[in-house]
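Asks: Got query-v2.pdb for you, PDB, C-alpha atoms, pLDDT in the B column:
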ATOM      1  CA  MET A  24      29.180 -16.850   4.456  1.00 53.00           C
ATOM      2  CA  SER A  25      27.265 -19.831   3.097  1.00 55.00           C
ATOM      3  CA  TYR A  26      23.942 -19.517   1.276  1.00 50.00           C
ATOM      4  CA  THR A  27      22.132 -21.149   4.220  1.00 66.00           C
ATOM      5  CA  LYS A  28      23.572 -18.651   6.701  1.00 69.00           C
ATOM      6  CA  ARG A  29      22.740 -15.716   4.419  1.00 64.00           C
ATOM      7  CA  ALA A  30      19.193 -16.984   3.986  1.00 63.00           C
ATOM      8  CA  ALA A  31      18.784 -17.489   7.745  1.00 72.00           C
ATOM      9  CA  ARG A  32      20.150 -14.026   8.461  1.00 75.00           C
ATOM     10  CA  ALA A  33      17.840 -12.433   5.891  1.00 71.00           C
ATOM     11  CA  PHE A  34      14.865 -14.318   7.356  1.00 78.00           C
ATOM     12  CA  ILE A  35      15.661 -13.071  10.881  1.00 84.00           C
ATOM     13  CA  ILE A  36      16.026  -9.469   9.673  1.00 83.00           C
ATOM     14  CA  VAL A  37      12.732  -9.577   7.761  1.00 82.00           C
ATOM     15  CA  PHE A  38      10.993 -11.223  10.730  1.00 86.00           C
ATOM     16  CA  VAL A  39      12.206  -8.536  13.144  1.00 89.00           C
ATOM     17  CA  ILE A  40      11.222  -5.748  10.746  1.00 88.00           C
ATOM     18  CA  ASN A  41       7.749  -7.240  10.381  1.00 87.00           C
ATOM     19  CA  ILE A  42       7.345  -7.507  14.155  1.00 92.00           C
ATOM     20  CA  ILE A  43       8.240  -3.819  14.565  1.00 93.00           C
ATOM     21  CA  ALA A  44       5.914  -2.857  11.703  1.00 91.00           C
ATOM     22  CA  ALA A  45       3.062  -4.846  13.267  1.00 92.00           C
ATOM     23  CA  PHE A  46       3.643  -3.079  16.603  1.00 95.00           C
ATOM     24  CA  LEU A  47       3.467   0.290  14.826  1.00 95.00           C
ATOM     25  CA  GLY A  48       0.226  -0.857  13.217  1.00 93.00           C
ATOM     26  CA  TYR A  49      -1.136  -1.531  16.702  1.00 95.00           C
ATOM     27  CA  LEU A  50      -0.107   1.971  17.807  1.00 96.00           C
ATOM     28  CA  ILE A  51      -1.858   3.418  14.743  1.00 95.00           C
ATOM     29  CA  ARG A  52      -5.127   1.817  15.848  1.00 95.00           C
ATOM     30  CA  ILE A  53      -4.685   3.204  19.362  1.00 95.00           C
ATOM     31  CA  VAL A  54      -4.060   6.725  18.031  1.00 96.00           C
ATOM     32  CA  LEU A  55      -7.108   6.503  15.776  1.00 95.00           C
ATOM     33  CA  ALA A  56      -9.309   5.147  18.583  1.00 94.00           C
ATOM     34  CA  ARG A  57      -8.287   7.945  20.942  1.00 94.00           C
ATOM     35  CA  ASN A  58      -8.744  10.769  18.455  1.00 95.00           C
ATOM     36  CA  LEU A  59     -11.841   9.730  16.500  1.00 93.00           C
ATOM     37  CA  SER A  60     -15.374   9.283  17.682  1.00 92.00           C
ATOM     38  CA  VAL A  61     -16.747   5.736  17.775  1.00 92.00           C
ATOM     39  CA  ALA A  62     -18.758   6.418  14.617  1.00 90.00           C
ATOM     40  CA  GLU A  63     -15.769   7.905  12.764  1.00 92.00           C
ATOM     41  CA  TYR A  64     -13.484   5.068  13.860  1.00 92.00           C
ATOM     42  CA  GLY A  65     -15.950   2.459  12.607  1.00 91.00           C
ATOM     43  CA  LEU A  66     -16.526   4.324   9.345  1.00 91.00           C
ATOM     44  CA  PHE A  67     -12.804   4.759   8.706  1.00 92.00           C
ATOM     45  CA  PHE A  68     -12.028   1.071   8.998  1.00 90.00           C
ATOM     46  CA  SER A  69     -15.164   0.086   7.106  1.00 90.00           C
ATOM     47  CA  VAL A  70     -14.073   2.201   4.139  1.00 90.00           C
ATOM     48  CA  LEU A  71     -10.460   1.031   4.495  1.00 88.00           C
ATOM     49  CA  THR A  72     -11.598  -2.600   4.467  1.00 88.00           C
ATOM     50  CA  LEU A  73     -13.613  -2.005   1.301  1.00 86.00           C
ATOM     51  CA  ILE A  74     -10.669  -0.280  -0.389  1.00 85.00           C
ATOM     52  CA  ASN A  75      -8.249  -3.058   0.561  1.00 83.00           C
ATOM     53  CA  PHE A  76     -10.740  -5.637  -0.737  1.00 84.00           C
ATOM     54  CA  LEU A  77     -11.087  -3.841  -4.073  1.00 81.00           C
ATOM     55  CA  GLY A  78      -7.321  -3.365  -4.212  1.00 78.00           C
ATOM     56  CA  GLY A  79      -6.956  -7.125  -4.428  1.00 77.00           C
ATOM     57  CA  PHE A  80      -8.689  -7.090  -7.808  1.00 77.00           C
ATOM     58  CA  ILE A  81      -6.465  -4.397  -9.298  1.00 77.00           C
ATOM     59  CA  GLY A  82      -3.902  -5.807 -11.682  1.00 69.00           C
ATOM     60  CA  LEU A  83      -5.831  -9.036 -12.309  1.00 69.00           C
ATOM     61  CA  GLY A  84      -2.987 -11.163 -10.955  1.00 71.00           C
ATOM     62  CA  MET A  85      -0.292  -9.427 -13.020  1.00 71.00           C
ATOM     63  CA  GLY A  86       1.666  -8.537  -9.891  1.00 72.00           C
ATOM     64  CA  GLU A  87       1.997 -12.174  -8.917  1.00 75.00           C
ATOM     65  CA  SER A  88       3.178 -12.963 -12.442  1.00 77.00           C
ATOM     66  CA  LEU A  89       6.061 -10.523 -11.957  1.00 75.00           C
ATOM     67  CA  VAL A  90       7.233 -12.544  -8.963  1.00 74.00           C
ATOM     68  CA  LYS A  91       7.203 -15.722 -11.068  1.00 76.00           C
ATOM     69  CA  TYR A  92       8.634 -14.556 -14.389  1.00 74.00           C
ATOM     70  CA  ILE A  93      11.138 -11.810 -13.579  1.00 76.00           C
ATOM     71  CA  PRO A  94      13.587 -14.201 -11.825  1.00 77.00           C
ATOM     72  CA  GLU A  95      13.374 -16.482 -14.877  1.00 77.00           C
ATOM     73  CA  PHE A  96      14.082 -13.582 -17.233  1.00 76.00           C
ATOM     74  CA  LEU A  97      17.021 -12.454 -15.086  1.00 75.00           C
ATOM     75  CA  VAL A  98      18.566 -15.943 -15.073  1.00 75.00           C
ATOM     76  CA  LYS A  99      18.244 -16.087 -18.860  1.00 75.00           C
ATOM     77  CA  LYS A 100      19.541 -12.476 -19.075  1.00 74.00           C
ATOM     78  CA  LYS A 101      16.491 -11.396 -21.037  1.00 75.00           C
ATOM     79  CA  TYR A 102      16.459  -7.942 -19.469  1.00 72.00           C
ATOM     80  CA  TYR A 103      14.219  -6.461 -22.132  1.00 74.00           C
ATOM     81  CA  LYS A 104      11.501  -8.915 -21.088  1.00 79.00           C
ATOM     82  CA  VAL A 105      11.853  -7.723 -17.489  1.00 78.00           C
ATOM     83  CA  LYS A 106      11.162  -4.152 -18.576  1.00 80.00           C
ATOM     84  CA  ASN A 107       8.293  -5.233 -20.811  1.00 82.00           C
ATOM     85  CA  ALA A 108       6.731  -7.251 -17.987  1.00 80.00           C
ATOM     86  CA  ILE A 109       6.898  -4.268 -15.629  1.00 79.00           C
ATOM     87  CA  ILE A 110       5.420  -1.904 -18.231  1.00 81.00           C
ATOM     88  CA  ILE A 111       2.564  -4.284 -19.069  1.00 83.00           C
ATOM     89  CA  THR A 112       1.843  -4.808 -15.373  1.00 81.00           C
ATOM     90  CA  PHE A 113       1.775  -1.054 -14.825  1.00 82.00           C
ATOM     91  CA  LEU A 114      -0.692  -0.564 -17.689  1.00 85.00           C
ATOM     92  CA  VAL A 115      -2.997  -3.340 -16.448  1.00 84.00           C
ATOM     93  CA  PHE A 116      -2.915  -1.890 -12.931  1.00 83.00           C
ATOM     94  CA  LEU A 117      -3.687   1.567 -14.306  1.00 84.00           C
ATOM     95  CA  ALA A 118      -6.585   0.327 -16.443  1.00 86.00           C
ATOM     96  CA  THR A 119      -8.282  -1.629 -13.646  1.00 87.00           C
ATOM     97  CA  LEU A 120      -7.613   1.233 -11.214  1.00 86.00           C
ATOM     98  CA  ILE A 121      -9.383   3.721 -13.491  1.00 88.00           C
ATOM     99  CA  ILE A 122     -12.387   1.400 -13.815  1.00 88.00           C
ATOM    100  CA  LEU A 123     -12.672   0.754 -10.074  1.00 87.00           C
ATOM    101  CA  GLY A 124     -11.988   4.384  -9.190  1.00 87.00           C
ATOM    102  CA  GLU A 125     -14.696   5.598 -11.536  1.00 89.00           C
ATOM    103  CA  ALA A 126     -17.135   2.998 -10.205  1.00 89.00           C
ATOM    104  CA  LEU A 127     -16.462   4.124  -6.634  1.00 88.00           C
ATOM    105  CA  PHE A 128     -16.822   7.775  -7.599  1.00 89.00           C
ATOM    106  CA  ILE A 129     -20.182   7.185  -9.266  1.00 91.00           C
ATOM    107  CA  SER A 130     -21.522   4.950  -6.485  1.00 90.00           C
ATOM    108  CA  SER A 131     -20.110   6.919  -3.519  1.00 89.00           C
ATOM    109  CA  GLY A 132     -23.454   8.530  -2.699  1.00 87.00           C
ATOM    110  CA  PHE A 133     -25.329   5.237  -2.964  1.00 89.00           C
ATOM    111  CA  LEU A 134     -22.781   3.404  -0.787  1.00 88.00           C
ATOM    112  CA  ALA A 135     -22.847   6.167   1.809  1.00 88.00           C
ATOM    113  CA  GLN A 136     -26.624   6.024   2.092  1.00 87.00           C
ATOM    114  CA  TYR A 137     -27.361   2.315   1.844  1.00 84.00           C
ATOM    115  CA  TYR A 138     -24.132   0.478   2.759  1.00 86.00           C
ATOM    116  CA  PHE A 139     -22.269   2.657   5.262  1.00 87.00           C
ATOM    117  CA  LYS A 140     -25.428   4.555   6.319  1.00 86.00           C
ATOM    118  CA  ASN A 141     -23.370   7.644   7.107  1.00 86.00           C
ATOM    119  CA  VAL A 142     -23.405  10.896   5.138  1.00 83.00           C
ATOM    120  CA  LEU A 143     -19.680  11.376   5.772  1.00 84.00           C
ATOM    121  CA  ALA A 144     -18.917   8.157   3.918  1.00 88.00           C
ATOM    122  CA  ALA A 145     -19.338   9.753   0.480  1.00 89.00           C
ATOM    123  CA  GLN A 146     -16.609  12.337   1.131  1.00 89.00           C
ATOM    124  CA  VAL A 147     -14.352   9.795   2.819  1.00 89.00           C
ATOM    125  CA  LEU A 148     -14.765   7.411  -0.130  1.00 90.00           C
ATOM    126  CA  LEU A 149     -13.597  10.116  -2.526  1.00 90.00           C
ATOM    127  CA  LEU A 150     -10.440  10.548  -0.464  1.00 89.00           C
ATOM    128  CA  PHE A 151      -9.942   6.794  -0.358  1.00 88.00           C
ATOM    129  CA  ILE A 152     -10.058   6.640  -4.146  1.00 89.00           C
ATOM    130  CA  ILE A 153      -6.775   8.574  -3.976  1.00 88.00           C
ATOM    131  CA  ILE A 154      -5.485   6.086  -1.407  1.00 86.00           C
ATOM    132  CA  LEU A 155      -6.541   3.232  -3.715  1.00 86.00           C
ATOM    133  CA  PHE A 156      -4.465   4.863  -6.481  1.00 86.00           C
ATOM    134  CA  PHE A 157      -1.372   4.926  -4.273  1.00 86.00           C
ATOM    135  CA  ILE A 158      -2.017   1.424  -2.912  1.00 83.00           C
ATOM    136  CA  SER A 159      -2.001   0.120  -6.492  1.00 83.00           C
ATOM    137  CA  PHE A 160       1.376   1.585  -7.373  1.00 84.00           C
ATOM    138  CA  LYS A 161       2.726   0.607  -3.984  1.00 85.00           C
ATOM    139  CA  SER A 162       1.708  -2.974  -4.782  1.00 83.00           C
ATOM    140  CA  ILE A 163       3.752  -2.882  -7.988  1.00 83.00           C
ATOM    141  CA  LEU A 164       6.784  -1.833  -5.963  1.00 85.00           C
ATOM    142  CA  ARG A 165       6.226  -4.636  -3.455  1.00 84.00           C
ATOM    143  CA  PHE A 166       5.835  -7.240  -6.194  1.00 81.00           C
ATOM    144  CA  SER A 167       9.002  -5.893  -7.816  1.00 82.00           C
ATOM    145  CA  PHE A 168      10.992  -6.257  -4.609  1.00 82.00           C
ATOM    146  CA  GLN A 169       9.753  -9.832  -4.343  1.00 78.00           C
ATOM    147  CA  ALA A 170      10.590 -10.515  -7.981  1.00 78.00           C
ATOM    148  CA  PHE A 171      14.119  -9.186  -7.548  1.00 80.00           C
ATOM    149  CA  GLN A 172      14.330 -11.179  -4.302  1.00 78.00           C
ATOM    150  CA  ASN A 173      15.032  -8.080  -2.224  1.00 81.00           C
ATOM    151  CA  MET A 174      13.017  -9.108   0.810  1.00 79.00           C
ATOM    152  CA  LYS A 175      14.713  -6.608   3.114  1.00 83.00           C
ATOM    153  CA  LEU A 176      13.354  -3.678   1.125  1.00 86.00           C
ATOM    154  CA  PHE A 177      10.035  -5.488   0.830  1.00 84.00           C
ATOM    155  CA  ALA A 178       9.804  -5.625   4.623  1.00 85.00           C
ATOM    156  CA  LEU A 179      11.222  -2.131   5.139  1.00 89.00           C
ATOM    157  CA  MET A 180       8.501  -0.750   2.902  1.00 89.00           C
ATOM    158  CA  TYR A 181       5.857  -2.097   5.293  1.00 89.00           C
ATOM    159  CA  LEU A 182       7.746  -0.709   8.295  1.00 92.00           C
ATOM    160  CA  ALA A 183       8.241   2.732   6.733  1.00 93.00           C
ATOM    161  CA  GLU A 184       4.588   2.896   5.718  1.00 92.00           C
ATOM    162  CA  ASN A 185       3.342   2.291   9.258  1.00 94.00           C
ATOM    163  CA  LEU A 186       5.931   4.676  10.696  1.00 95.00           C
ATOM    164  CA  PHE A 187       4.901   7.470   8.312  1.00 95.00           C
ATOM    165  CA  ILE A 188       1.211   6.880   9.006  1.00 95.00           C
ATOM    166  CA  LEU A 189       1.772   6.984  12.768  1.00 96.00           C
ATOM    167  CA  LEU A 190       3.850  10.173  12.682  1.00 96.00           C
ATOM    168  CA  LEU A 191       1.499  11.915  10.269  1.00 96.00           C
ATOM    169  CA  LEU A 192      -1.549  10.959  12.318  1.00 96.00           C
ATOM    170  CA  LEU A 193       0.031  12.479  15.428  1.00 95.00           C
ATOM    171  CA  TRP A 194       0.869  15.621  13.472  1.00 95.00           C
ATOM    172  CA  PHE A 195      -2.535  16.015  11.788  1.00 94.00           C
ATOM    173  CA  PHE A 196      -4.478  15.221  14.954  1.00 94.00           C
ATOM    174  CA  ASN A 197      -2.507  17.918  16.730  1.00 91.00           C
ATOM    175  CA  HIS A 198      -4.298  20.394  14.453  1.00 89.00           C
ATOM    176  CA  LYS A 199      -7.735  18.797  14.141  1.00 90.00           C
ATOM    177  CA  LYS A 200      -9.223  15.497  15.227  1.00 91.00           C
ATOM    178  CA  ASP A 201     -11.555  14.059  12.632  1.00 91.00           C
ATOM    179  CA  ILE A 202     -11.807  11.317  10.028  1.00 92.00           C
ATOM    180  CA  PHE A 203     -10.561  13.586   7.260  1.00 93.00           C
ATOM    181  CA  MET A 204      -7.266  14.201   9.052  1.00 94.00           C
ATOM    182  CA  ALA A 205      -6.844  10.434   9.329  1.00 94.00           C
ATOM    183  CA  SER A 206      -7.494  10.095   5.593  1.00 93.00           C
ATOM    184  CA  TYR A 207      -5.013  12.852   4.731  1.00 94.00           C
ATOM    185  CA  ALA A 208      -2.371  11.143   6.859  1.00 94.00           C
ATOM    186  CA  HIS A 209      -2.813   7.861   4.956  1.00 93.00           C
ATOM    187  CA  ILE A 210      -2.730   9.629   1.589  1.00 92.00           C
ATOM    188  CA  LEU A 211       0.489  11.478   2.369  1.00 94.00           C
ATOM    189  CA  ALA A 212       2.126   8.393   3.916  1.00 94.00           C
ATOM    190  CA  ASN A 213       1.430   6.319   0.803  1.00 91.00           C
ATOM    191  CA  LEU A 214       2.744   9.086  -1.442  1.00 92.00           C
ATOM    192  CA  LEU A 215       5.956   9.305   0.602  1.00 93.00           C
ATOM    193  CA  ILE A 216       6.436   5.538   0.367  1.00 92.00           C
ATOM    194  CA  ILE A 217       6.182   5.621  -3.426  1.00 90.00           C
ATOM    195  CA  ILE A 218       8.603   8.558  -3.684  1.00 91.00           C
ATOM    196  CA  LEU A 219      11.077   6.916  -1.320  1.00 90.00           C
ATOM    197  CA  PHE A 220      11.039   3.356  -2.653  1.00 89.00           C
ATOM    198  CA  TYR A 221      10.425   3.825  -6.379  1.00 85.00           C
ATOM    199  CA  PRO A 222      14.107   4.632  -7.170  1.00 84.00           C
ATOM    200  CA  LEU A 223      15.133   1.467  -5.299  1.00 82.00           C
ATOM    201  CA  ALA A 224      12.721  -0.911  -7.024  1.00 74.00           C
ATOM    202  CA  PHE A 225      14.077  -0.834 -10.557  1.00 67.00           C
ATOM    203  CA  GLN A 226      17.709   0.106 -10.065  1.00 61.00           C
ATOM    204  CA  GLY A 227      20.037  -1.691 -12.409  1.00 52.00           C
ATOM    205  CA  LEU A 228      17.514  -2.102 -15.217  1.00 56.00           C
TER
END
I need this file expressed as structure tokens, please.
Replies:
Amino acid sequence: MSYTKRAARAFIIVFVINIIAAFLGYLIRIVLARNLSVAEYGLFFSVLTLINFLGGFIGLGMGESLVKYIPEFLVKKKYYKVKNAIIITFLVFLATLIILGEALFISSGFLAQYYFKNVLAAQVLLLFIIILFFISFKSILRFSFQAFQNMKLFALMYLAENLFILLLLLWFFNHKKDIFMASYAHILANLLIIILFYPLAFQGL
């Protein structure tokens, strides 16, 4: 099979996986809307939006540098530089995560009162600090898959994440329907993704 055919086939597979993942994301929103009150639904996505926004600052662009430099190191067979780049990226992610996590922890009460204007927001924010932790390490895995040009696993990670979230939401909501159950489902789903995909990200190094 020629390179063009392989590339086209890979593109189609990734596209289909992303379509399925997006559909699962739509189902997640439906499940949340049907099991949370209007106030809880709005608060959940407000906090999630804030966390995703802050997550973009974690790593200070080091993840993108992995995508650029790791292929160059692999071509030059400088495997030790690949490992060093991953370790440095991990440390930068960890350092910025600690700073942002601590800032959120300290300001959770203030944000709940003056930004979200909901007393539940403080407790939800504390749970989302855990989610922010997992999102950070999940980002390293995604950047690694891109760097090693394994786009199938990159896409499958997104699909698996939404599938886990959907299944866990259905399970948790079967016991209790509130914003905390939704938070627990996202925490556990992110943890499962890291456990499942971590051994696949750095195999061969």
Asks: Which residues are near range 57-62 of chain A? Cut-off 12 Å, all atoms listed in the file, ignore same chain within fewer than 2 positions. Put them as a CSV table (one decimal) with C-alpha atoms, in the frame of the given file.
Replies:
chain,number,residue,atom,x,y,z
A,50,LEU,CA,-0.1,2.0,17.8
A,51,ILE,CA,-1.9,3.4,14.7
A,52,ARG,CA,-5.1,1.8,15.8
A,53,ILE,CA,-4.7,3.2,19.4
A,54,VAL,CA,-4.1,6.7,18.0
A,55,LEU,CA,-7.1,6.5,15.8
A,64,TYR,CA,-13.5,5.1,13.9
A,65,GLY,CA,-16.0,2.5,12.6
A,66,LEU,CA,-16.5,4.3,9.3
A,67,PHE,CA,-12.8,4.8,8.7
A,68,PHE,CA,-12.0,1.1,9.0
A,69,SER,CA,-15.2,0.1,7.1
A,139,PHE,CA,-22.3,2.7,5.3
A,140,LYS,CA,-25.4,4.6,6.3
A,141,ASN,CA,-23.4,7.6,7.1
A,142,VAL,CA,-23.4,10.9,5.1
A,143,LEU,CA,-19.7,11.4,5.8
A,144,ALA,CA,-18.9,8.2,3.9
A,192,LEU,CA,-1.5,11.0,12.3
A,193,LEU,CA,0.0,12.5,15.4
A,194,TRP,CA,0.9,15.6,13.5
A,195,PHE,CA,-2.5,16.0,11.8
A,196,PHE,CA,-4.5,15.2,15.0
A,197,ASN,CA,-2.5,17.9,16.7
A,198,HIS,CA,-4.3,20.4,14.5
A,199,LYS,CA,-7.7,18.8,14.1
A,200,LYS,CA,-9.2,15.5,15.2
A,201,ASP,CA,-11.6,14.1,12.6
A,202,ILE,CA,-11.8,11.3,10.0
A,203,PHE,CA,-10.6,13.6,7.3
A,204,MET,CA,-7.3,14.2,9.1
A,205,ALA,CA,-6.8,10.4,9.3
A,206,SER,CA,-7.5,10.1,5.6
Asks: Please enumerate the residues selected by the PyMOL selection byres ((chain A and resi 41-48) around 10) when evaluated against the supplied file, formatted as an MDAnalysis selection string.
Replies: chainID A and resid 35:40 49:54 177:189
Asks: Fewer than 2 positions away in the same chain doesn't count, so skip those; otherwise give me all residues within 12 Å of Leu149 in chain A, counting only C-alpha atoms, as number ranges by chain.
Replies: A: 70-71, 74, 124-132, 134-135, 143-147, 151-156, 203, 206-207, 210
Asks: Taking all atoms of range 43-57 of chain A that appear in the file, build a box with edges along x, y and z, extend it by 8 Å on every side, and state its centre and edge lengths in Å to one decimal, as AutoDock Vina command-line options.
Replies:
--center_x -0.5 --center_y 1.5 --center_z 16.3 --size_x 33.5 --size_y 28.8 --size_z 25.2
Asks: For a quick check of understanding, using only C-alpha atoms, which of A:Ala108, A:Leu77, A:Leu214, A:Ile122 has the smallest distance to Tyr92 in chain A?
Replies: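 Distance minimum relative to Tyr92 in chain A lands on A:Ala108.
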Asks: Interatomic distance between CA of Gly86 in chain A and CA of Ile163 in chain A?
Replies: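 Here the two named atoms are 6.3 Å from each other.
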Asks: Taking into account all atoms listed in the file, which residue in the set A:Leu123, A:Ile217, A:Val105, A:Leu114 is nearest to Phe80 in chain A?
Replies: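 Residue with the minimum atom-to-atom distance to Phe80 in chain A: A:Leu123.
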Asks: Distance table requested - range 136-198 of chain A against range 93-99 of chain A, cut-off 9 Å, all atoms listed in the file: one row per qualifying residue with the closest atom pair and its distance in Å to one decimal, ordered by chain and rising residue number, as a Markdown table.
Replies:
| residue | atom | partner | partner_atom | distance |
| --- | --- | --- | --- | --- |
| A:Ser167 | CA | A:Ile93 | CA | 8.5 |
| A:Ala170 | CA | A:Ile93 | CA | 5.8 |
| A:Phe171 | CA | A:Pro94 | CA | 6.6 |
| A:Gln172 | CA | A:Pro94 | CA | 8.1 |
Asks: If I take CA of Asn213 in chain A and CA of Ile109 in chain A, how far is one from the other in Å, to one decimal?
Replies: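 Taking CA of Asn213 in chain A and CA of Ile109 in chain A, their separation equals 20.3 Å.
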Asks: Counting only C-alpha atoms, which of A:Phe160, A:Phe220, A:Phe34, A:Phe168 gets nearest to Ile81 in chain A?
Replies: A:Phe160
Asks: Measuring atom to atom with all atoms listed in the file, identify which of A:Gln136, A:Val90, A:Phe76, A:Met85 is nearest to Gln169 in chain A.
Replies: A:Val90
Asks: Work out how far CA of Gly78 in chain A is from CA of Pro222 in chain A, in Å to one decimal.
Replies: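 That distance, rounded to one decimal, is 23.1 Å.
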Asks: Have a look at A:Met174, A:Ala224, A:Ala33, A:Ala118 and name the one nearest to Ser159 in chain A; count all atoms listed in the file.
Replies: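 So, comparing all the options, the nearest one is A:Ala118.
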Asks: Find, counting all atoms listed in the file, the residue in A:Asn107, A:Leu164, A:Ile121, A:Ile158 that gets nearest to Asn75 in chain A.
Replies: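 The closest residue to Asn75 in chain A is A:Ile158.
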